[in-house]
Amino acid sequence: MSAATRTFAAGALLATGAVAAALVSQHVYDMQPCPWCVLQRLIFVAIAAACGLGLLWRGAAGRLVAATLALALALSGVAAALYQNRVAAKTESCAFTFPERFIAALRLDAWLPDVFQARASCIDAAVDLWGVPYEFYSLALYAAIAAGALALLRAPNRRAPALSRT
């Protein structure tokens, strides 16, 4: 198994695991998501798809496209997690903010309400897990995925050596 395959598989697993953990938190432990939480779920789903693309589209072009997408998405996830922690978690209402409008425009809240419907305000959704704000766990996963994607983009293109004609 190549390093690229392992990296894309790990990214897909981390992203899928993050969404699974969020759903368990919501449906088992009644930690209802705010719009920023839901946006981060969507970003993790998109990262899993980008990593899946990297697993399916073998070769230098596929690695470049998938790793670039994964990196861009992971960096947007870092920004969303930081914004949630620094700004949104301290506001009474996060209604009609970018995440809420974006999810509504995609109709994901109507299509899969148990996954993509915000059910809490940002201040109500601001919880800690073992003394760490919940969104920092997402931030750590985004950073790990970004590091993996960046490593793929910086890795030399390893092609099979050309057969010489003699």
# chains A, B, ... in the order shown; residues from 1 in each chain; ligands from 1
>>> residues_around(residues="Ala10 of chain A", least_positions_apart="4", cutoff="9 Å", atoms="only C-alpha atoms", output="mmCIF file with N, CA, C and O atoms, in the first residue's frame")
data_model
loop_
_atom_site.group_PDB
_atom_site.id
_atom_site.type_symbol
_atom_site.label_atom_id
_atom_site.label_comp_id
_atom_site.auth_asym_id
_atom_site.auth_seq_id
_atom_site.Cartn_x
_atom_site.Cartn_y
_atom_site.Cartn_z
ATOM 1 N N THR A 5 -2.024 6.197 -0.537
ATOM 2 C CA THR A 5 -3.214 5.401 -0.204
ATOM 3 C C THR A 5 -3.447 5.408 1.300
ATOM 4 O O THR A 5 -4.578 5.594 1.759
ATOM 5 N N ARG A 6 -2.393 5.213 2.072
ATOM 6 C CA ARG A 6 -2.528 5.221 3.533
ATOM 7 C C ARG A 6 -2.994 6.586 4.036
ATOM 8 O O ARG A 6 -3.850 6.680 4.914
ATOM 9 N N LEU A 14 -10.598 9.464 9.585
ATOM 10 C CA LEU A 14 -10.704 10.532 10.589
ATOM 11 C C LEU A 14 -11.955 11.373 10.366
ATOM 12 O O LEU A 14 -12.685 11.691 11.314
ATOM 13 N N ALA A 15 -12.203 11.757 9.125
ATOM 14 C CA ALA A 15 -13.363 12.601 8.815
ATOM 15 C C ALA A 15 -14.670 11.866 9.100
ATOM 16 O O ALA A 15 -15.594 12.427 9.705
ATOM 17 N N CYS A 51 -10.942 12.570 0.062
ATOM 18 C CA CYS A 51 -10.007 11.467 0.307
ATOM 19 C C CYS A 51 -10.436 10.214 -0.460
ATOM 20 O O CYS A 51 -9.585 9.481 -0.978
ATOM 21 N N ILE A 145 -5.487 16.302 9.260
ATOM 22 C CA ILE A 145 -5.830 16.045 7.853
ATOM 23 C C ILE A 145 -5.082 17.025 6.944
ATOM 24 O O ILE A 145 -4.560 16.638 5.894
ATOM 25 N N GLY A 148 -1.514 15.882 6.603
ATOM 26 C CA GLY A 148 -1.409 14.749 5.676
ATOM 27 C C GLY A 148 -1.538 15.185 4.231
ATOM 28 O O GLY A 148 -0.771 14.741 3.365
#
>>> select_by_dssp(residues="segment 107-155 of chain A", states="strand (DSSP E)", output="list in words")
Asp128, Leu129, Val132 and Pro133 of chain A
>>> write_last_selection(atoms="all heavy atoms", output="tab-separated table (two decimals), in the first residue's frame")
chain	number	residue	atom	x	y	z
A	128	ASP	N	-17.75	21.65	26.88
A	128	ASP	CA	-16.40	21.11	27.01
A	128	ASP	C	-16.49	19.61	27.19
A	128	ASP	O	-17.45	19.08	27.76
A	128	ASP	CB	-15.70	21.70	28.24
A	128	ASP	CG	-15.33	23.16	28.07
A	128	ASP	OD1	-15.53	23.70	26.98
A	128	ASP	OD2	-14.82	23.74	29.05
A	129	LEU	N	-15.47	18.93	26.71
A	129	LEU	CA	-15.34	17.49	26.91
A	129	LEU	C	-13.98	17.29	27.54
A	129	LEU	O	-12.95	17.59	26.91
A	129	LEU	CB	-15.46	16.75	25.57
A	129	LEU	CG	-15.36	15.25	25.60
A	129	LEU	CD1	-16.50	14.66	26.43
A	129	LEU	CD2	-15.40	14.67	24.20
A	132	VAL	N	-11.88	20.48	27.57
A	132	VAL	CA	-11.46	21.05	26.29
A	132	VAL	C	-12.71	21.39	25.49
A	132	VAL	O	-13.60	20.54	25.36
A	132	VAL	CB	-10.58	20.05	25.51
A	132	VAL	CG1	-10.20	20.60	24.15
A	132	VAL	CG2	-9.34	19.68	26.32
A	133	PRO	N	-12.80	22.60	24.94
A	133	PRO	CA	-13.97	22.93	24.11
A	133	PRO	C	-14.12	21.91	22.98
A	133	PRO	O	-13.15	21.52	22.34
A	133	PRO	CB	-13.64	24.32	23.56
A	133	PRO	CG	-12.71	24.90	24.56
A	133	PRO	CD	-11.88	23.74	25.05
>>> residues_around(residues="Thr7 of chain A", least_positions_apart="3", cutoff="10 Å", atoms="only C-alpha atoms", output="VMD selection string")
chain A and resid 2 to 4 10 to 13 51 54 to 55 67 145 147 to 149 151 to 152
>>> closest_residue(among="A:Val115, A:Val78, A:Leu73, A:Leu53", to="Ala21 of chain A", atoms="only C-alpha atoms")
A:Val115
>>> atom_distance(atom1="atom CA of Gln40 of chain A", atom2="atom CA of Ser138 of chain A")
7.9 Å
>>> atom_distance(atom1="atom CA of Ala155 of chain A", atom2="atom CA of Ala143 of chain A")
18.1 Å
>>> closest_residue(among="A:Leu82, A:Ala118, A:Ala20, A:Gln26", to="Phe96 of chain A", atoms="only C-alpha atoms")
A:Ala118
>>> closest_residue(among="A:Ala110, A:Leu71, A:Val87, A:Ala105", to="Ala144 of chain A", atoms="only C-alpha atoms")
A:Leu71
>>> select_by_dssp(residues="segment 9-130 of chain A", states="helix (DSSP H, G or I)", output="number ranges by chain")
A: 9-27, 35-56, 60-86, 88-90, 98-106, 108-111, 113-116, 122-125
>>> atom_distance(atom1="atom CA of Phe44 of chain A", atom2="atom CA of Glu135 of chain A")
12.8 Å
>>> closest_residue(among="A:Tyr142, A:Phe98, A:Ile47, A:Arg63", to="Pro156 of chain A", atoms="only C-alpha atoms")
A:Arg63
>>> decode(residues="segment 22-40 of chain A", atoms="N, CA and C atoms", output="PDB file, in the first residue's frame")
ATOM      1  N   ALA A  22     -19.854  13.016  16.318  1.00  0.00           N
ATOM      2  CA  ALA A  22     -20.818  14.111  16.463  1.00  0.00           C
ATOM      3  C   ALA A  22     -22.245  13.569  16.549  1.00  0.00           C
ATOM      4  N   LEU A  23     -22.538  12.563  15.732  1.00  0.00           N
ATOM      5  CA  LEU A  23     -23.887  11.985  15.763  1.00  0.00           C
ATOM      6  C   LEU A  23     -24.149  11.232  17.057  1.00  0.00           C
ATOM      7  N   VAL A  24     -23.154  10.540  17.574  1.00  0.00           N
ATOM      8  CA  VAL A  24     -23.307   9.873  18.876  1.00  0.00           C
ATOM      9  C   VAL A  24     -23.510  10.918  19.964  1.00  0.00           C
ATOM     10  N   SER A  25     -22.719  11.986  19.928  1.00  0.00           N
ATOM     11  CA  SER A  25     -22.874  13.060  20.909  1.00  0.00           C
ATOM     12  C   SER A  25     -24.284  13.641  20.872  1.00  0.00           C
ATOM     13  N   GLN A  26     -24.815  13.808  19.671  1.00  0.00           N
ATOM     14  CA  GLN A  26     -26.145  14.384  19.520  1.00  0.00           C
ATOM     15  C   GLN A  26     -27.239  13.416  19.935  1.00  0.00           C
ATOM     16  N   HIS A  27     -27.213  12.220  19.387  1.00  0.00           N
ATOM     17  CA  HIS A  27     -28.349  11.311  19.558  1.00  0.00           C
ATOM     18  C   HIS A  27     -28.277  10.442  20.803  1.00  0.00           C
ATOM     19  N   VAL A  28     -27.096  10.252  21.372  1.00  0.00           N
ATOM     20  CA  VAL A  28     -26.974   9.454  22.588  1.00  0.00           C
ATOM     21  C   VAL A  28     -26.828  10.346  23.815  1.00  0.00           C
ATOM     22  N   TYR A  29     -26.030  11.403  23.712  1.00  0.00           N
ATOM     23  CA  TYR A  29     -25.743  12.264  24.854  1.00  0.00           C
ATOM     24  C   TYR A  29     -26.478  13.604  24.808  1.00  0.00           C
ATOM     25  N   ASP A  30     -27.379  13.773  23.845  1.00  0.00           N
ATOM     26  CA  ASP A  30     -28.229  14.957  23.722  1.00  0.00           C
ATOM     27  C   ASP A  30     -27.444  16.263  23.650  1.00  0.00           C
ATOM     28  N   MET A  31     -26.295  16.246  22.974  1.00  0.00           N
ATOM     29  CA  MET A  31     -25.521  17.464  22.721  1.00  0.00           C
ATOM     30  C   MET A  31     -25.957  17.974  21.354  1.00  0.00           C
ATOM     31  N   GLN A  32     -26.940  18.859  21.351  1.00  0.00           N
ATOM     32  CA  GLN A  32     -27.533  19.334  20.103  1.00  0.00           C
ATOM     33  C   GLN A  32     -26.602  20.316  19.391  1.00  0.00           C
ATOM     34  N   PRO A  33     -26.528  20.216  18.055  1.00  0.00           N
ATOM     35  CA  PRO A  33     -25.579  21.043  17.297  1.00  0.00           C
ATOM     36  C   PRO A  33     -26.110  22.438  16.969  1.00  0.00           C
ATOM     37  N   CYS A  34     -25.172  23.369  16.902  1.00  0.00           N
ATOM     38  CA  CYS A  34     -25.476  24.717  16.434  1.00  0.00           C
ATOM     39  C   CYS A  34     -25.136  24.781  14.936  1.00  0.00           C
ATOM     40  N   PRO A  35     -25.444  25.871  14.267  1.00  0.00           N
ATOM     41  CA  PRO A  35     -25.113  25.961  12.839  1.00  0.00           C
ATOM     42  C   PRO A  35     -23.627  25.759  12.533  1.00  0.00           C
ATOM     43  N   TRP A  36     -22.739  26.247  13.385  1.00  0.00           N
ATOM     44  CA  TRP A  36     -21.301  26.071  13.141  1.00  0.00           C
ATOM     45  C   TRP A  36     -20.903  24.613  13.313  1.00  0.00           C
ATOM     46  N   CYS A  37     -21.535  23.907  14.232  1.00  0.00           N
ATOM     47  CA  CYS A  37     -21.289  22.466  14.393  1.00  0.00           C
ATOM     48  C   CYS A  37     -21.713  21.714  13.132  1.00  0.00           C
ATOM     49  N   VAL A  38     -22.861  22.068  12.625  1.00  0.00           N
ATOM     50  CA  VAL A  38     -23.390  21.406  11.426  1.00  0.00           C
ATOM     51  C   VAL A  38     -22.501  21.696  10.219  1.00  0.00           C
ATOM     52  N   LEU A  39     -22.028  22.929  10.096  1.00  0.00           N
ATOM     53  CA  LEU A  39     -21.125  23.263   8.999  1.00  0.00           C
ATOM     54  C   LEU A  39     -19.863  22.404   9.079  1.00  0.00           C
ATOM     55  N   GLN A  40     -19.346  22.213  10.285  1.00  0.00           N
ATOM     56  CA  GLN A  40     -18.149  21.388  10.435  1.00  0.00           C
ATOM     57  C   GLN A  40     -18.433  19.931  10.067  1.00  0.00           C
TER      58      GLN A  40
END
